[in-house]
Amino acid sequence: MRLKDLPEEELFLQGSAACQGCPGSMALRVAFKALGRNTLLVVIASCTSVLQSPFPLSALDLPVLNMAFASGGAVASGISAAVNRLVKRGVLEEKPTVLVWAGDGGTYDIGIQALSGAAERETDFIYVCYNNEAYSNTGTQRSGATPYAAWTTNTVTGKKEWRKDIAQIMVAHNIPYVATASLAYPLDFYQKMRKAMSIQGTKYIEMLAPCPPGWKFPSDSTVLVSRMAVQTGLWLLYEYENGKTTYTAGTKRIIEGHAELKPVEEYLKIQGRFRHLFYPERDELRIAEYQGRINDLFDTLRFTYKMREHLMDLEFLPTRRVP
């Protein structure tokens, strides 16, 4: 599949109030193409609540319900139950896709309780977290998704904690589908959204969403930063389905040896939020901590991949009868 093969209909319209280079608007455009018009959108308090454009106009050509920070999973549960009932009564011929669109603040922190409850109940909806790694809409404060050593307005010397991995927390809920995505690989994101739409139950997809003003890089570099996050191993692309994790796109190529793992400082240097790691002096310790963690992770992933390939080869070896 190629980009030109995506549906031509645009459900994310011109005239939004998004910042230049906004990752949320890019991701919405692809997501809408994947899901189509029979979609009900729930927007949790975030930048997307603002970028829809000033009332009475809207850049979102779908039914939209804007809700408070903590309510994503609860609202999706109510809507999913309601549309099930309408289909059963014959009011609707086909059940719409219920899509929750939330930032990391409304997912990692404030919204995790409602999301966890909905996942435990196996509610049928797609939850997309567009992760810009901070509370960007309210001034770029730290969130549970903010990476180690990153500047925010309340971690001015760099965050001291490593981010929590909400995607793996969702895997631990035993939901049928979990995936990660990147704007630099739009077809990978499109295909994952299409797959999620076809699966019954709770589906969680997390999109890394580099924020130009919050991360302090030029607005024309959003896709570049997205790509570098994958190429340096700081953002893994994978999908979890039926108890099995499969790595995709750029991450898969690195694990299989078709692409080199780039030094992590190439990613850190292009963002102003990590400037203190290089100026006025290099912070060798924290840069080395980053690189060491990534190297250990990919050593494990490559070893696991080689072992899996070896076991697959053994399955096809001819059997010998014992004399």
# chains A, B, ... in the order shown; residues from 1 in each chain; ligands from 1
call {"tool": "select_by_dssp", "arguments": {"residues": "segment 104-273 of chain A", "states": "strand (DSSP E)", "output": "list in words"}}
result
Phe125, Ile126, Tyr127, Val128, Cys129, Tyr130, Asn131, Tyr177, Val178, Ala179, Thr180, Ala181, Ser182, Thr202, Lys203, Tyr204, Ile205, Glu206, Met207, Leu208, Tyr238, Glu239, Tyr240, Glu241, Lys244, Thr245, Thr246 and Tyr247 of chain A
call {"tool": "residues_around", "arguments": {"residues": "segment 236-243 of chain A", "least_positions_apart": "2", "cutoff": "8 Å", "atoms": "only C-alpha atoms", "output": "list in words"}}
result
Val171, Asn174, Pro176, Tyr177, Val178, Ala179, Thr180, Ala181, Ser182, Lys192, Val230, Gly233, Leu234, Thr245, Thr246, Tyr247, Thr248, Ala249, Gly250, Thr251 and Lys252 of chain A
call {"tool": "residues_around", "arguments": {"residues": "segment 149-166 of chain A", "least_positions_apart": "3", "cutoff": "6 Å", "atoms": "only C-alpha atoms", "output": "list in words"}}
result
Thr140, Gln141, Arg142, Gly144, Ala145, Thr146, Ile169, Arg273 and Phe274 of chain A
call {"tool": "write_last_selection", "arguments": {"atoms": "N, CA and C atoms", "output": "compact mmCIF listing (two decimals), in the first residue's frame"}}
result
# COMPACT_ATOMS: atom_id res chain seq x y z
N THR A 140 3.14 23.27 29.09
CA THR A 140 4.26 22.32 29.00
C THR A 140 4.78 21.93 30.39
N GLN A 141 3.87 21.42 31.24
CA GLN A 141 4.30 20.84 32.51
C GLN A 141 4.59 19.35 32.32
N ARG A 142 5.36 18.79 33.24
CA ARG A 142 5.70 17.36 33.16
C ARG A 142 4.44 16.50 33.31
N GLY A 144 3.33 11.96 33.35
CA GLY A 144 3.92 10.64 33.53
C GLY A 144 4.60 10.14 32.28
N ALA A 145 4.31 10.79 31.14
CA ALA A 145 4.92 10.39 29.86
C ALA A 145 6.19 11.16 29.55
N THR A 146 6.49 12.20 30.31
CA THR A 146 7.68 13.01 30.05
C THR A 146 8.94 12.16 30.22
N ILE A 169 1.25 -1.30 30.15
CA ILE A 169 0.22 -1.41 31.19
C ILE A 169 -1.09 -1.89 30.56
N ARG A 273 14.40 21.06 24.41
CA ARG A 273 14.10 20.59 25.77
C ARG A 273 15.22 19.74 26.36
N PHE A 274 16.19 19.33 25.50
CA PHE A 274 17.35 18.59 25.98
C PHE A 274 18.65 19.40 25.84
call {"tool": "atom_distance", "arguments": {"atom1": "atom CA of Phe189 of chain A", "atom2": "atom CA of Gly292 of chain A"}}
result
28.5 Å
call {"tool": "residues_around", "arguments": {"residues": "Glu9 of chain A", "least_positions_apart": "2", "cutoff": "9 Å", "atoms": "only C-alpha atoms", "output": "PDB file with N, CA and C atoms, in the first residue's frame"}}
result
ATOM      1  N   LEU A   6      -4.462   5.858  -0.042  1.00  0.00           N
ATOM      2  CA  LEU A   6      -5.364   6.162   1.059  1.00  0.00           C
ATOM      3  C   LEU A   6      -6.642   6.807   0.530  1.00  0.00           C
ATOM      4  N   PRO A   7      -7.753   6.645   1.248  1.00  0.00           N
ATOM      5  CA  PRO A   7      -9.016   7.273   0.809  1.00  0.00           C
ATOM      6  C   PRO A   7      -8.849   8.775   0.597  1.00  0.00           C
ATOM      7  N   LEU A  11     -11.893  14.106   6.320  1.00  0.00           N
ATOM      8  CA  LEU A  11     -12.796  14.380   7.431  1.00  0.00           C
ATOM      9  C   LEU A  11     -12.174  15.330   8.448  1.00  0.00           C
ATOM     10  N   LYS A  33      -9.137   8.848   7.884  1.00  0.00           N
ATOM     11  CA  LYS A  33      -9.111   8.124   6.617  1.00  0.00           C
ATOM     12  C   LYS A  33      -9.230   6.613   6.851  1.00  0.00           C
ATOM     13  N   GLY A  36     -13.119   6.126   8.565  1.00  0.00           N
ATOM     14  CA  GLY A  36     -14.246   6.514   7.735  1.00  0.00           C
ATOM     15  C   GLY A  36     -15.302   7.306   8.483  1.00  0.00           C
TER      16      GLY A  36
END
call {"tool": "atom_distance", "arguments": {"atom1": "atom CA of Ala45 of chain A", "atom2": "atom CA of Ala81 of chain A"}}
result
22.2 Å
call {"tool": "residues_around", "arguments": {"residues": "Glu120 of chain A", "least_positions_apart": "3", "cutoff": "9 Å", "atoms": "only C-alpha atoms", "output": "PyMOL selection string"}}
result
chain A and resi 115-117+123+173-175+202
call {"tool": "write_last_selection", "arguments": {"atoms": "N, CA and C atoms", "output": "CSV table (one decimal), in the first residue's frame"}}
result
chain,number,residue,atom,x,y,z
A,115,LEU,N,-9.9,4.6,32.0
A,115,LEU,CA,-9.4,3.7,30.9
A,115,LEU,C,-9.2,2.3,31.4
A,116,SER,N,-8.6,2.1,32.5
A,116,SER,CA,-8.3,0.8,33.1
A,116,SER,C,-9.6,0.1,33.4
A,117,GLY,N,-10.6,0.8,33.9
A,117,GLY,CA,-11.9,0.2,34.2
A,117,GLY,C,-12.6,-0.3,32.9
A,123,THR,N,-14.8,-3.2,27.1
A,123,THR,CA,-15.7,-2.3,26.4
A,123,THR,C,-15.2,-2.2,24.9
A,173,HIS,N,-3.5,-5.6,30.8
A,173,HIS,CA,-5.0,-5.7,30.9
A,173,HIS,C,-5.6,-6.9,30.1
A,174,ASN,N,-4.8,-7.5,29.3
A,174,ASN,CA,-5.2,-8.6,28.4
A,174,ASN,C,-6.3,-8.2,27.4
A,175,ILE,N,-6.2,-6.9,27.0
A,175,ILE,CA,-7.1,-6.5,25.9
A,175,ILE,C,-6.6,-7.1,24.6
A,202,THR,N,-11.7,-3.7,23.7
A,202,THR,CA,-10.9,-2.5,23.9
A,202,THR,C,-9.6,-2.5,23.1
call {"tool": "closest_residue", "arguments": {"among": "A:Leu277, A:Val225, A:Ile287, A:Ile79", "to": "Pro23 of chain A", "atoms": "only C-alpha atoms"}}
result
A:Val225
call {"tool": "residues_around", "arguments": {"residues": "segment 205-210 of chain A", "least_positions_apart": "2", "cutoff": "8 Å", "atoms": "only C-alpha atoms", "output": "list of chain:residue names"}}
result
A:Pro23, A:Gly24, A:Ala27, A:Ile126, A:Tyr127, A:Val128, A:Cys129, A:Tyr130, A:Asn131, A:Asn132, A:Glu133, A:Ala167, A:Val178, A:Ala179, A:Thr180, A:Ala181, A:Ser182, A:Leu183, A:Met193, A:Lys203, A:Pro212, A:Trp215, A:Thr222, A:Val225, A:Ser226, A:Trp235
call {"tool": "residues_around", "arguments": {"residues": "Gly111 of chain A", "least_positions_apart": "2", "cutoff": "10 Å", "atoms": "only C-alpha atoms", "output": "ChimeraX atom specification"}}
result
/A:44,68-74,102-109,113-116
call {"tool": "select_by_dssp", "arguments": {"residues": "segment 102-261 of chain A", "states": "alpha helix (DSSP H)", "output": "PyMOL selection string"}}
result
chain A and resi 112-120+166-171+186-197+212-215+222-231+249-255
call {"tool": "atom_distance", "arguments": {"atom1": "atom CA of Val42 of chain A", "atom2": "atom CA of Leu65 of chain A"}}
result
4.9 Å
